[in-house]
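Engineer: Just one file: final00.txt, with compact mmCIF, C-alpha atoms and all ligand atoms.
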```txt
# COMPACT_ATOMS: atom_id res chain seq x y z
CA MET T 174 0.00 0.00 0.00
CA SER T 175 1.46 3.30 -0.95
CA LEU T 176 -0.11 6.59 -0.08
CA THR T 177 0.80 9.52 -2.19
CA CYS T 178 0.48 13.28 -2.01
CA GLY T 179 0.85 15.17 -5.27
CA LEU T 180 2.08 18.76 -5.57
CA ILE T 181 -0.15 20.60 -8.04
CA GLY T 182 -0.48 24.23 -9.09
CA LEU T 183 0.32 26.64 -11.89
CA PRO T 184 3.85 26.69 -13.39
CA ASN T 185 6.34 28.74 -11.31
CA ALA T 186 4.32 28.42 -8.13
CA GLY T 187 7.27 26.79 -6.36
CA LYS T 188 6.24 23.12 -6.55
CA SER T 189 9.66 21.78 -7.51
CA THR T 190 11.35 24.04 -4.95
CA LEU T 191 9.13 22.60 -2.21
CA PHE T 192 9.58 19.06 -3.51
CA ARG T 193 13.36 19.41 -3.31
CA ALA T 194 13.17 21.05 0.12
CA VAL T 195 11.02 18.22 1.50
CA THR T 196 12.91 15.35 -0.11
CA LEU T 197 16.28 16.76 1.01
CA ALA T 198 15.14 17.25 4.60
CA HIS T 199 12.94 14.17 4.96
CA ALA T 200 14.39 11.72 2.45
CA GLU T 201 13.97 8.11 3.41
CA ILE T 202 17.32 6.40 3.89
CA ALA T 203 17.18 2.85 5.28
CA PRO T 204 15.82 0.23 4.89
CA TYR T 205 14.70 0.94 1.35
CA PRO T 206 17.20 0.43 -1.46
CA PHE T 207 16.23 3.71 -3.06
CA THR T 208 15.12 7.11 -1.87
CA THR T 209 13.61 8.22 -5.13
CA ILE T 210 11.01 6.29 -7.09
CA ALA T 211 11.21 8.44 -10.20
CA PRO T 212 12.90 11.80 -10.85
CA ASN T 213 9.79 13.59 -9.63
CA ALA T 214 8.74 11.20 -6.85
CA GLY T 215 10.27 10.60 -3.44
CA VAL T 216 9.69 8.60 -0.28
CA VAL T 217 9.41 10.99 2.65
CA ARG T 218 10.00 10.15 6.31
CA ILE T 219 7.36 11.46 8.71
CA PRO T 220 8.96 12.43 12.04
CA ASP T 221 6.97 11.32 15.08
CA ASP T 222 7.75 12.24 18.71
CA ARG T 223 5.69 9.25 19.88
CA LEU T 224 8.00 6.88 17.99
CA THR T 225 11.01 8.50 19.67
CA ALA T 226 9.39 8.09 23.10
CA VAL T 227 8.51 4.43 22.47
CA ALA T 228 12.06 3.72 21.29
CA ALA T 229 13.44 5.40 24.43
CA VAL T 230 11.80 2.75 26.64
CA THR T 231 12.25 -0.29 24.37
CA HIS T 232 15.90 0.30 23.28
CA PRO T 233 15.81 -1.21 19.77
CA ASP T 234 18.84 -1.37 17.46
CA ARG T 235 16.98 0.61 14.85
CA VAL T 236 14.15 3.16 14.76
CA VAL T 237 12.23 3.38 11.49
CA PRO T 238 9.69 6.15 10.87
CA ALA T 239 6.62 5.78 8.69
CA THR T 240 6.78 7.17 5.17
CA LEU T 241 4.67 8.76 2.48
CA GLU T 242 5.24 9.29 -1.18
CA LEU T 243 5.44 12.78 -2.58
CA VAL T 244 5.10 13.50 -6.29
CA ASP T 245 5.99 16.72 -8.07
CA ILE T 246 3.40 16.98 -10.83
CA ALA T 247 4.20 19.29 -13.73
CA GLY T 248 2.32 22.60 -13.75
CA LEU T 249 -1.26 22.76 -14.86
CA VAL T 250 -2.29 25.53 -17.22
CA ARG T 251 -5.58 27.04 -18.35
CA ASN T 252 -7.56 24.63 -20.58
CA ALA T 253 -5.60 21.59 -19.43
CA HIS T 254 -8.90 19.68 -19.38
CA ALA T 255 -9.08 20.30 -23.15
CA GLY T 256 -5.53 18.99 -23.64
CA GLU T 257 -3.71 22.35 -23.44
CA GLY T 258 -0.04 22.13 -22.37
CA LEU T 259 0.05 18.32 -22.18
CA GLY T 260 -3.09 18.70 -20.11
CA ASN T 261 -4.37 15.13 -20.25
CA GLN T 262 -1.03 13.73 -19.19
CA PHE T 263 -0.91 16.02 -16.15
CA LEU T 264 -4.47 15.25 -15.21
CA GLY T 265 -3.60 11.55 -15.50
CA HIS T 266 -0.77 12.04 -12.99
CA ILE T 267 -3.14 13.79 -10.60
CA ARG T 268 -5.51 10.82 -10.90
CA GLU T 269 -2.76 8.58 -9.47
CA VAL T 270 -2.32 10.45 -6.18
CA ASP T 271 -4.44 10.13 -3.04
CA ALA T 272 -4.30 13.73 -1.82
CA LEU T 273 -3.45 17.10 -3.32
CA LEU T 274 -1.04 19.77 -2.10
CA HIS T 275 -2.12 22.76 -4.12
CA VAL T 276 0.84 25.15 -4.18
CA VAL T 277 -0.17 28.79 -4.61
CA ARG T 278 2.31 31.48 -5.53
CA CYS T 279 2.27 34.38 -3.07
CA PHE T 280 5.69 35.78 -3.99
CA GLY T 281 6.55 38.32 -6.67
CA GLY T 282 10.05 38.52 -8.09
CA PRO T 283 11.79 37.80 -11.35
CA ALA T 284 10.47 34.30 -12.14
CA ALA T 285 7.74 34.92 -14.70
CA HIS T 286 4.22 34.51 -13.46
CA VAL T 287 2.18 32.75 -16.12
CA GLU T 288 -0.90 34.87 -15.42
CA GLY T 289 0.69 38.26 -14.67
CA GLY T 290 0.90 39.69 -11.14
CA VAL T 291 0.50 37.95 -7.78
CA ASP T 292 -3.14 36.99 -7.22
CA PRO T 293 -3.42 33.72 -5.31
CA VAL T 294 -7.21 33.45 -5.39
CA ARG T 295 -7.30 33.89 -9.19
CA ASP T 296 -4.56 31.23 -9.50
CA ILE T 297 -6.38 28.75 -7.27
CA GLY T 298 -9.51 29.34 -9.34
CA ILE T 299 -7.71 28.51 -12.60
CA VAL T 300 -6.39 25.20 -11.31
CA ASP T 301 -9.56 24.22 -9.46
CA THR T 302 -11.65 25.03 -12.55
CA GLU T 303 -9.49 22.73 -14.69
CA LEU T 304 -9.98 19.92 -12.17
CA LEU T 305 -13.74 20.54 -12.09
CA LEU T 306 -13.99 20.53 -15.88
CA ALA T 307 -11.96 17.30 -16.11
CA ASP T 308 -14.32 15.72 -13.55
CA LEU T 309 -17.37 16.95 -15.40
CA ALA T 310 -16.09 15.33 -18.60
CA ALA T 311 -15.53 12.05 -16.74
CA VAL T 312 -19.05 12.18 -15.27
CA GLU T 313 -20.50 12.83 -18.71
CA ARG T 314 -18.66 9.80 -20.11
CA ALA T 315 -20.05 7.68 -17.25
CA LEU T 316 -23.55 9.04 -17.95
CA ALA T 317 -23.29 8.11 -21.63
CA GLN T 318 -22.26 4.59 -20.60
CA VAL T 319 -25.08 4.01 -18.15
CA ALA T 320 -27.84 5.65 -20.22
CA PRO T 321 -28.71 2.61 -22.42
CA ARG T 322 -29.09 0.34 -19.37
CA ALA T 323 -31.09 2.98 -17.49
CA ARG T 324 -33.49 3.25 -20.47
CA THR T 325 -34.32 -0.47 -20.20
CA GLY T 326 -35.59 0.26 -16.69
CA ASP T 327 -32.73 -1.49 -14.84
CA ARG T 328 -33.15 -0.24 -11.29
CA ALA T 329 -29.47 -0.05 -10.32
CA ALA T 330 -28.64 1.71 -13.60
CA ARG T 331 -31.38 4.30 -13.03
CA GLU T 332 -30.17 4.98 -9.53
CA GLU T 333 -26.62 5.38 -10.81
CA GLU T 334 -27.81 7.72 -13.54
CA ALA T 335 -29.65 9.86 -10.99
CA VAL T 336 -26.54 10.09 -8.82
CA LEU T 337 -24.35 10.96 -11.82
CA LYS T 338 -26.77 13.71 -12.86
CA GLY T 339 -26.68 15.08 -9.33
CA LEU T 340 -22.88 15.01 -9.36
CA ALA T 341 -22.80 16.76 -12.75
CA ALA T 342 -25.04 19.54 -11.40
CA HIS T 343 -22.88 19.82 -8.28
CA LEU T 344 -19.67 20.16 -10.34
CA SER T 345 -21.32 22.57 -12.80
CA ALA T 346 -22.14 24.83 -9.85
CA GLY T 347 -18.38 25.03 -9.19
CA ARG T 348 -18.42 22.73 -6.19
CA PRO T 349 -15.83 19.95 -5.75
CA ALA T 350 -16.85 16.27 -5.65
CA ARG T 351 -15.52 16.01 -2.07
CA SER T 352 -18.54 18.00 -0.86
CA PHE T 353 -21.04 15.90 -2.85
CA THR T 354 -23.48 13.91 -0.71
CA VAL T 355 -26.68 12.02 -1.49
CA PRO T 356 -28.19 11.12 1.90
CA GLN T 357 -31.05 9.09 0.35
CA ALA T 358 -28.67 7.04 -1.83
CA ALA T 359 -25.38 7.16 0.06
CA GLU T 360 -24.23 3.72 -1.06
CA ALA T 361 -24.93 4.37 -4.74
CA ALA T 362 -23.13 7.72 -4.44
CA ALA T 363 -20.10 6.07 -2.85
CA GLN T 364 -20.01 3.51 -5.66
CA VAL T 365 -20.22 6.19 -8.32
CA ILE T 366 -17.42 8.21 -6.68
CA GLY T 367 -15.37 5.01 -6.38
CA ARG T 368 -15.79 4.29 -10.09
CA VAL T 369 -15.47 7.80 -11.55
CA ARG T 370 -12.68 8.73 -9.06
CA PRO T 371 -13.10 12.49 -9.51
CA LEU T 372 -9.96 14.58 -9.05
CA THR T 373 -11.89 16.99 -6.85
CA ALA T 374 -12.91 14.13 -4.52
CA ARG T 375 -9.33 13.97 -3.24
CA PRO T 376 -8.57 15.85 -0.04
CA VAL T 377 -6.67 19.08 -0.67
CA LEU T 378 -4.35 21.33 1.31
CA TYR T 379 -3.69 24.80 -0.07
CA VAL T 380 -0.02 25.65 0.41
CA ALA T 381 0.63 29.39 0.21
CA ASN T 382 4.22 29.81 -0.96
CA LEU T 383 5.34 33.06 0.69
CA ASP T 384 8.35 35.28 0.29
CA ASP T 385 10.27 36.02 3.49
CA ARG T 386 11.46 39.32 2.02
CA ASP T 387 8.04 40.47 0.83
CA PRO T 388 5.73 41.63 3.66
CA GLY T 389 2.85 41.74 1.14
CA SER T 390 2.88 37.99 0.85
CA ARG T 391 1.34 37.69 4.36
CA ALA T 392 -1.82 39.37 3.04
CA ALA T 393 -1.84 36.79 0.25
CA LEU T 394 -1.77 34.06 2.91
CA ASP T 395 -4.90 35.57 4.50
CA ALA T 396 -6.64 35.42 1.12
CA VAL T 397 -5.65 31.78 0.62
CA GLU T 398 -6.85 30.92 4.14
CA ARG T 399 -10.22 32.56 3.51
CA TYR T 400 -10.60 30.71 0.20
CA ALA T 401 -9.69 27.38 1.81
CA ALA T 402 -12.14 27.90 4.69
CA GLY T 403 -14.90 28.62 2.16
CA ALA T 404 -14.03 25.41 0.31
CA GLY T 405 -14.02 23.32 3.49
CA ALA T 406 -10.27 22.77 3.16
CA ARG T 407 -7.17 23.76 5.10
CA ALA T 408 -4.38 26.14 4.20
CA LEU T 409 -0.80 26.46 5.33
CA GLY T 410 1.80 29.13 4.62
CA LEU T 411 5.53 28.56 4.25
CA TYR T 412 8.61 30.07 2.63
CA GLY T 413 9.45 27.61 -0.14
CA GLN T 414 12.72 29.13 -1.29
CA LEU T 415 13.95 29.61 2.27
CA GLU T 416 12.99 26.05 3.19
CA LEU T 417 15.09 24.78 0.29
CA GLU T 418 18.07 26.89 1.35
CA LEU T 419 17.71 25.58 4.93
CA SER T 420 17.44 21.98 3.68
CA GLU T 421 20.71 22.40 1.80
CA LEU T 422 22.59 23.44 4.97
CA PRO T 423 24.05 21.12 7.62
CA PRO T 424 21.55 20.92 10.54
CA ASP T 425 23.55 23.12 12.97
CA GLU T 426 24.02 25.86 10.40
CA ALA T 427 20.34 25.62 9.49
CA SER T 428 19.32 26.22 13.13
CA GLN T 429 21.67 29.22 13.38
CA PHE T 430 20.23 30.62 10.16
CA LEU T 431 16.69 30.04 11.43
CA ALA T 432 17.47 31.85 14.70
CA ALA T 433 19.05 34.75 12.78
CA LEU T 434 15.83 35.04 10.75
CA ASP T 435 13.79 35.19 13.93
CA LEU T 436 11.85 32.09 12.91
CA SER T 437 11.06 29.66 15.70
CA GLU T 438 10.38 26.64 13.50
CA ARG T 439 10.52 25.41 9.96
CA GLY T 440 7.45 24.99 7.80
CA LEU T 441 8.31 21.54 6.43
CA PRO T 442 7.42 19.52 9.55
CA ARG T 443 4.00 21.19 9.52
CA LEU T 444 3.66 20.30 5.84
CA VAL T 445 4.52 16.60 6.23
CA GLN T 446 2.23 16.28 9.28
CA ALA T 447 -0.52 17.93 7.24
CA CYS T 448 0.01 15.29 4.51
CA ARG T 449 -0.52 12.57 7.09
CA SER T 450 -3.77 14.04 8.38
CA LEU T 451 -4.92 14.91 4.84
CA LEU T 452 -4.70 11.22 3.94
CA GLY T 453 -6.70 10.30 7.07
CA LEU T 454 -3.92 8.06 8.32
CA HIS T 455 -3.47 6.44 11.69
CA THR T 456 -0.02 5.46 12.90
CA PHE T 457 0.71 2.29 14.84
CA PHE T 458 4.06 1.12 16.18
CA SER T 459 5.63 -2.32 16.02
CA ILE T 460 8.25 -3.20 18.64
CA ALA T 461 10.93 -5.82 18.34
CA SER T 462 14.37 -5.94 19.92
CA ALA T 463 15.96 -5.18 16.58
CA GLU T 464 13.54 -2.55 15.34
CA VAL T 465 10.86 -0.17 16.49
CA ARG T 466 8.89 1.06 13.58
CA ALA T 467 5.97 3.33 12.73
CA TRP T 468 3.39 2.24 10.15
CA HIS T 469 0.57 4.12 8.47
CA VAL T 470 -2.87 2.67 7.95
CA PRO T 471 -6.06 4.41 6.85
CA ALA T 472 -8.34 5.25 9.80
CA GLY T 473 -10.77 2.36 10.32
CA THR T 474 -8.29 -0.43 9.45
CA ARG T 475 -8.81 -3.83 11.14
CA ALA T 476 -6.01 -5.45 13.13
CA SER T 477 -5.58 -8.30 10.63
CA LYS T 478 -5.18 -5.85 7.73
CA ALA T 479 -2.72 -3.80 9.76
CA ALA T 480 -0.70 -6.98 10.36
CA GLY T 481 -0.61 -7.42 6.59
CA ARG T 482 1.15 -4.06 6.30
CA ILE T 483 4.13 -5.66 8.06
CA HIS T 484 3.98 -9.04 6.35
CA THR T 485 1.35 -10.95 4.36
CA ASP T 486 2.07 -14.05 6.53
CA MET T 487 1.02 -12.07 9.59
CA GLU T 488 -2.34 -11.31 8.03
CA ARG T 489 -2.90 -14.87 6.79
CA GLY T 490 -1.91 -16.56 10.05
CA PHE T 491 -3.28 -13.82 12.34
CA ILE T 492 -4.05 -15.09 15.86
CA ARG T 493 -4.31 -11.96 17.98
CA ALA T 494 -2.91 -8.50 18.54
CA GLU T 495 -1.33 -7.38 21.81
CA VAL T 496 -2.07 -3.69 22.05
CA ILE T 497 -0.77 -0.95 24.35
CA ALA T 498 -1.46 2.75 23.84
CA TRP T 499 1.93 4.39 23.20
CA ASP T 500 1.65 6.75 26.18
CA ASP T 501 0.70 3.87 28.51
CA LEU T 502 3.81 1.99 27.39
CA VAL T 503 5.97 5.05 27.95
CA ALA T 504 4.40 5.64 31.40
CA CYS T 505 4.92 1.98 32.40
CA GLY T 506 8.48 1.92 31.11
CA SER T 507 8.37 -1.58 29.61
CA VAL T 508 6.04 -4.10 27.98
CA ALA T 509 6.32 -6.38 31.02
CA ALA T 510 5.26 -3.57 33.36
CA ALA T 511 2.39 -2.67 31.00
CA ARG T 512 1.24 -6.30 31.12
CA ASP T 513 1.45 -6.34 34.95
CA ARG T 514 -0.60 -3.18 35.25
CA GLY T 515 -3.25 -4.50 32.90
CA VAL T 516 -2.88 -1.83 30.20
CA LEU T 517 -1.88 -4.41 27.57
CA ARG T 518 -5.01 -5.62 25.78
CA LEU T 519 -5.56 -8.73 23.66
CA GLU T 520 -7.54 -7.89 20.54
CA GLY T 521 -8.93 -9.99 17.68
CA LYS T 522 -8.75 -9.50 13.92
CA GLU T 523 -11.82 -7.22 13.85
CA TYR T 524 -10.23 -4.69 16.24
CA LEU T 525 -9.98 -1.25 14.63
CA VAL T 526 -6.44 0.05 15.00
CA ARG T 527 -6.22 3.38 16.84
CA ASP T 528 -3.75 6.14 16.22
CA GLY T 529 -0.82 5.66 18.59
CA ASP T 530 -1.30 1.92 19.29
CA VAL T 531 1.80 -0.15 19.98
CA ILE T 532 0.99 -3.57 18.53
CA THR T 533 2.63 -6.98 18.66
CA PHE T 534 0.93 -9.43 16.32
CA ARG T 535 0.80 -13.12 17.18
CA PHE T 536 0.45 -15.29 14.12
CA ALA T 537 0.84 -18.89 12.99
CA ALA T 538 3.56 -19.14 10.38
N1 LIG P 601 11.01 34.63 -3.97
C1 LIG P 601 10.65 33.38 -3.99
N2 LIG P 601 10.88 32.67 -5.09
C2 LIG P 601 10.52 31.38 -5.12
C3 LIG P 601 9.91 30.75 -4.00
N3 LIG P 601 9.65 29.46 -4.33
C4 LIG P 601 10.09 29.29 -5.60
N4 LIG P 601 10.62 30.44 -6.08
C5 LIG P 601 11.21 30.66 -7.41
O1 LIG P 601 10.18 30.56 -8.38
C6 LIG P 601 10.66 29.90 -9.56
C7 LIG P 601 9.82 28.71 -9.89
O2 LIG P 601 9.95 27.75 -8.87
P1 LIG P 601 9.67 26.21 -9.15
O3 LIG P 601 9.81 25.52 -7.85
O4 LIG P 601 10.50 25.69 -10.27
O5 LIG P 601 8.13 26.26 -9.61
P2 LIG P 601 7.21 25.10 -10.25
O6 LIG P 601 7.07 25.44 -11.69
O7 LIG P 601 5.90 25.29 -9.54
O8 LIG P 601 7.83 23.78 -10.01
C8 LIG P 601 12.12 29.53 -9.27
O9 LIG P 601 12.93 30.53 -9.84
C9 LIG P 601 12.20 29.58 -7.75
O10 LIG P 601 13.50 29.90 -7.33
C10 LIG P 601 9.68 31.54 -2.83
O11 LIG P 601 9.15 31.08 -1.81
N5 LIG P 601 10.06 32.84 -2.89
MG MG P 602 8.35 22.32 -11.41
```
Would you write the structure of this file as structure tokens?

Structural biologist:
Amino acid sequence: MSLTCGLIGLPNAGKSTLFRAVTLAHAEIAPYPFTTIAPNAGVVRIPDDRLTAVAAVTHPDRVVPATLELVDIAGLVRNAHAGEGLGNQFLGHIREVDALLHVVRCFGGPAAHVEGGVDPVRDIGIVDTELLLADLAAVERALAQVAPRARTGDRAAREEEAVLKGLAAHLSAGRPARSFTVPQAAEAAAQVIGRVRPLTARPVLYVANLDDRDPGSRAALDAVERYAAGAGARALGLYGQLELELSELPPDEASQFLAALDLSERGLPRLVQACRSLLGLHTFFSIASAEVRAWHVPAGTRASKAAGRIHTDMERGFIRAEVIAWDDLVACGSVAAARDRGVLRLEGKEYLVRDGDVITFRFAA
């Protein structure tokens, strides 16, 4: 299972700058044989204080954080949905990611702005409109497919057609598929969304790329935040160029530089944590003498499935899960003490893994 966030936005918004900043600072090292999947894709480590605390009481040889994939998708331009500027190819790449980081340019400067001056809300609108139009085209194709069956009176086909028409109207009104609901036909709607896989159904974070030397770019952040709130999404501001420069420095020099700039913290940790919550992930920890490791699973994952994240044998031969909340383990100081105090629970395969669980799976090989 690989969960992927894609950087999208207009050309020259700072996507590649951010991609390089994140992959330099958070690049996965061991135990994978490669840190880059493709020139524009990287595996990113997600730092986790809970993992550090668990490792501090279990003393493993190795501590392995959970990871995500990040993809730098080439810039989208006006009329991409109609094939402009390799549009279909770009939209195809967006279709492959699970969540969107929509980078919005809030800095001026020499790098040409494809649309003229700095205007983040206009820029967001251009990109979001392209995604909406691409989704609308996909819904219309699905409608054309289902129409013949619906005409014969097939009940499921008619229900699907009704949902698709509702979705088309929703998109035409400029609203993203992620806010589309059909309370009276929730299951049919979920099936349609699962089949059409609209781009605008993916969760999105608007990333305002600010300029540390341009005080005006803070006002742009306000505008992006207001837009995001109106769209039921979140926004985050950071200094892309500065983050890249900091990522290129040795850690001690980077902290000195940060202090000199009067910045208390970097933006990248906030960004990678936001990716994790955007994807709706829970983290669980596995503990062995050799290795303590963090794993991501979608919220609502059963224990047996979570075991399968570690090894398919563990899922197949699943017997039970021994679960301790990470803070209970840290408070007790050891697994044995946690067992003595009764905070270690035995759970079956149907148990829904909670964020922060420390789990040892028992399985028959
Ligand atoms: N001033 C300033 N320039 C930036 C910032 N981020 C990126 N740039 C510049 O904007 C240009 C385009 O950046 P790039 O990351 O290639 O944009 P992309 O087309 O979205 O991938 C480059 O010249 C960057 O150096 C920023 O935060 N502030
Ligand atoms: Mg680029």

Engineer: Can you tell me, as a PDB file with C-alpha atoms, in the frame of the given file, what residues are no more than 8 Å from Arg375 (chain T) when counting all atoms listed in the file, ignoring any on the same chain fewer than 4 positions away?

Structural biologist:
```
ATOM      1  CA  ASP T 271      -4.440  10.130  -3.040  1.00  0.00           C
ATOM      2  CA  ALA T 272      -4.300  13.730  -1.820  1.00  0.00           C
ATOM      3  CA  LEU T 273      -3.450  17.100  -3.320  1.00  0.00           C
ATOM      4  CA  ARG T 351     -15.520  16.010  -2.070  1.00  0.00           C
ATOM      5  CA  PRO T 371     -13.100  12.490  -9.510  1.00  0.00           C
TER       6      PRO T 371
END
```

Engineer: Kindly provide, as a PDB file with C-alpha atoms, in the frame of the given file, all nucleotide and amino acid residues lying within 9 Å of ligand LIG 601 (chain P), counting all atoms listed in the file.

Structural biologist:
```
ATOM      1  CA  LEU T 180       2.080  18.760  -5.570  1.00  0.00           C
ATOM      2  CA  ILE T 181      -0.150  20.600  -8.040  1.00  0.00           C
ATOM      3  CA  GLY T 182      -0.480  24.230  -9.090  1.00  0.00           C
ATOM      4  CA  LEU T 183       0.320  26.640 -11.890  1.00  0.00           C
ATOM      5  CA  PRO T 184       3.850  26.690 -13.390  1.00  0.00           C
ATOM      6  CA  ASN T 185       6.340  28.740 -11.310  1.00  0.00           C
ATOM      7  CA  ALA T 186       4.320  28.420  -8.130  1.00  0.00           C
ATOM      8  CA  GLY T 187       7.270  26.790  -6.360  1.00  0.00           C
ATOM      9  CA  LYS T 188       6.240  23.120  -6.550  1.00  0.00           C
ATOM     10  CA  SER T 189       9.660  21.780  -7.510  1.00  0.00           C
ATOM     11  CA  THR T 190      11.350  24.040  -4.950  1.00  0.00           C
ATOM     12  CA  LEU T 191       9.130  22.600  -2.210  1.00  0.00           C
ATOM     13  CA  PHE T 192       9.580  19.060  -3.510  1.00  0.00           C
ATOM     14  CA  ARG T 193      13.360  19.410  -3.310  1.00  0.00           C
ATOM     15  CA  ASP T 245       5.990  16.720  -8.070  1.00  0.00           C
ATOM     16  CA  ILE T 246       3.400  16.980 -10.830  1.00  0.00           C
ATOM     17  CA  ALA T 247       4.200  19.290 -13.730  1.00  0.00           C
ATOM     18  CA  GLY T 248       2.320  22.600 -13.750  1.00  0.00           C
ATOM     19  CA  VAL T 276       0.840  25.150  -4.180  1.00  0.00           C
ATOM     20  CA  VAL T 277      -0.170  28.790  -4.610  1.00  0.00           C
ATOM     21  CA  ARG T 278       2.310  31.480  -5.530  1.00  0.00           C
ATOM     22  CA  CYS T 279       2.270  34.380  -3.070  1.00  0.00           C
ATOM     23  CA  PHE T 280       5.690  35.780  -3.990  1.00  0.00           C
ATOM     24  CA  GLY T 281       6.550  38.320  -6.670  1.00  0.00           C
ATOM     25  CA  GLY T 282      10.050  38.520  -8.090  1.00  0.00           C
ATOM     26  CA  PRO T 283      11.790  37.800 -11.350  1.00  0.00           C
ATOM     27  CA  ALA T 284      10.470  34.300 -12.140  1.00  0.00           C
ATOM     28  CA  ALA T 285       7.740  34.920 -14.700  1.00  0.00           C
ATOM     29  CA  HIS T 286       4.220  34.510 -13.460  1.00  0.00           C
ATOM     30  CA  ALA T 381       0.630  29.390   0.210  1.00  0.00           C
ATOM     31  CA  ASN T 382       4.220  29.810  -0.960  1.00  0.00           C
ATOM     32  CA  LEU T 383       5.340  33.060   0.690  1.00  0.00           C
ATOM     33  CA  ASP T 384       8.350  35.280   0.290  1.00  0.00           C
ATOM     34  CA  ASP T 385      10.270  36.020   3.490  1.00  0.00           C
ATOM     35  CA  ARG T 386      11.460  39.320   2.020  1.00  0.00           C
ATOM     36  CA  ASP T 387       8.040  40.470   0.830  1.00  0.00           C
ATOM     37  CA  LEU T 411       5.530  28.560   4.250  1.00  0.00           C
ATOM     38  CA  TYR T 412       8.610  30.070   2.630  1.00  0.00           C
ATOM     39  CA  GLY T 413       9.450  27.610  -0.140  1.00  0.00           C
ATOM     40  CA  GLN T 414      12.720  29.130  -1.290  1.00  0.00           C
ATOM     41  CA  LEU T 415      13.950  29.610   2.270  1.00  0.00           C
ATOM     42  CA  GLU T 416      12.990  26.050   3.190  1.00  0.00           C
ATOM     43  CA  LEU T 417      15.090  24.780   0.290  1.00  0.00           C
TER      44      LEU T 417
END
```

Engineer: By how many Å are CA of Pro293 (chain T) and CA of Ala393 (chain T) apart?

Structural biologist: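 Spanning CA of Pro293 (chain T) to CA of Ala393 (chain T) is a straight-line distance of 6.5 Å.
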
Engineer: Near region 440-456 of chain T, within 8 Å and counting all atoms listed in the file, which residues show up once chain neighbours fewer than 2 positions away are dropped, as an MDAnalysis selection string?

Structural biologist: chainID T and resid 176 178 194:195 219:220 239 241 271:272 376:378 409:412 416 438 458 467:472 526:530

Engineer: Residues within 8 Å of Met487 (chain T), please, as a ChimeraX atom specification. Count only C-alpha atoms; anything in the same chain fewer than 3 positions from it doesn't count.

Structural biologist: /T:477,480-481,483-484,490-491,534-538

Engineer: Rounded to one decimal place, report the CA of Thr225 (chain T)-CA of Ser459 (chain T) distance in Å.

Structural biologist: 12.6 Å

Engineer: Report, in Å with one decimal, the straight-line distance from CA of Pro423 (chain T) to CA of Leu197 (chain T).

Structural biologist: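 CA of Leu197 (chain T) lies at a distance of 11.1 Å from CA of Pro423 (chain T).
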
Engineer: Write out as a list in words each polymer residue whose atoms come within 12 Å of Thr231 (chain T), counting all atoms listed in the file; drop sequence neighbours fewer than 3 positions from it.

Structural biologist: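 Final neighbour list, sorted by chain and number: Leu224, Thr225, Ala226, Val227, Ala228, Asp234, Arg235, Val236, Phe458, Ser459, Ile460, Ala461, Ser462, Ala463, Glu464, Val465, Arg466, Trp499, Leu502, Val503, Cys505, Gly506, Ser507, Val508, Ala509, Ala510 and Val531 of chain T.
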
Engineer: Would you mind telling me which residue in T:Arg268, T:Val244, T:Leu305, T:Ala315 lies nearest to ligand MG 602 (chain P) when using all atoms listed in the file?

Structural biologist: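 Distance minimum relative to ligand MG 602 (chain P) lands on T:Val244.
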
Engineer: Which is closer to Leu436 (chain T) than all the others in T:Leu419, T:Lys338, T:Ala229, T:Glu332, using all atoms listed in the file?

Structural biologist: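 Under the stated criterion, the closest residue is T:Leu419.
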
Engineer: Tell me which of T:Glu303, T:Thr354, T:Thr196, T:Leu249 sits closest to ligand MG 602 (chain P), counting all atoms listed in the file.

Structural biologist: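 Ranked by minimum distance to ligand MG 602 (chain P), first place goes to T:Leu249.
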
Engineer: Find the spatial neighbours of Val496 (chain T), counting only C-alpha atoms, within a cut-off of 6 Å - ignore same-chain residues fewer than 5 positions away - and output them as a tab-separated table (two decimals) with C-alpha atoms, in the frame of the given file.

Structural biologist:
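Saved result, around-v6.tsv, follows:
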```tsv
chain	number	residue	atom	x	y	z
T	517	LEU	CA	-1.88	-4.41	27.57
T	518	ARG	CA	-5.01	-5.62	25.78
T	531	VAL	CA	1.80	-0.15	19.98
T	532	ILE	CA	0.99	-3.57	18.53
```

Engineer: Find the residue from T:His232, T:Asn213, T:Glu269, T:Leu372 that sits nearest to ligand MG 602 (chain P); use only C-alpha atoms and all ligand atoms when measuring.

Structural biologist: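 The shortest atom-to-atom distance to ligand MG 602 (chain P) comes from T:Asn213.
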
Engineer: Would you list the residues near (-17.6, 24.8, 0.6), meaning any protein, DNA or RNA residue with an atom at most 9 Å from that point in file coordinates, counting only C-alpha atoms, as a count of residues only?

Structural biologist: 9

Engineer: Considering all atoms listed in the file, can you say which of T:His343, T:Arg218, T:Arg328, T:Arg489 comes closest to Thr240 (chain T)?

Structural biologist: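 When distances to Thr240 (chain T) are compared using all atoms listed in the file, the smallest one comes from T:Arg218.
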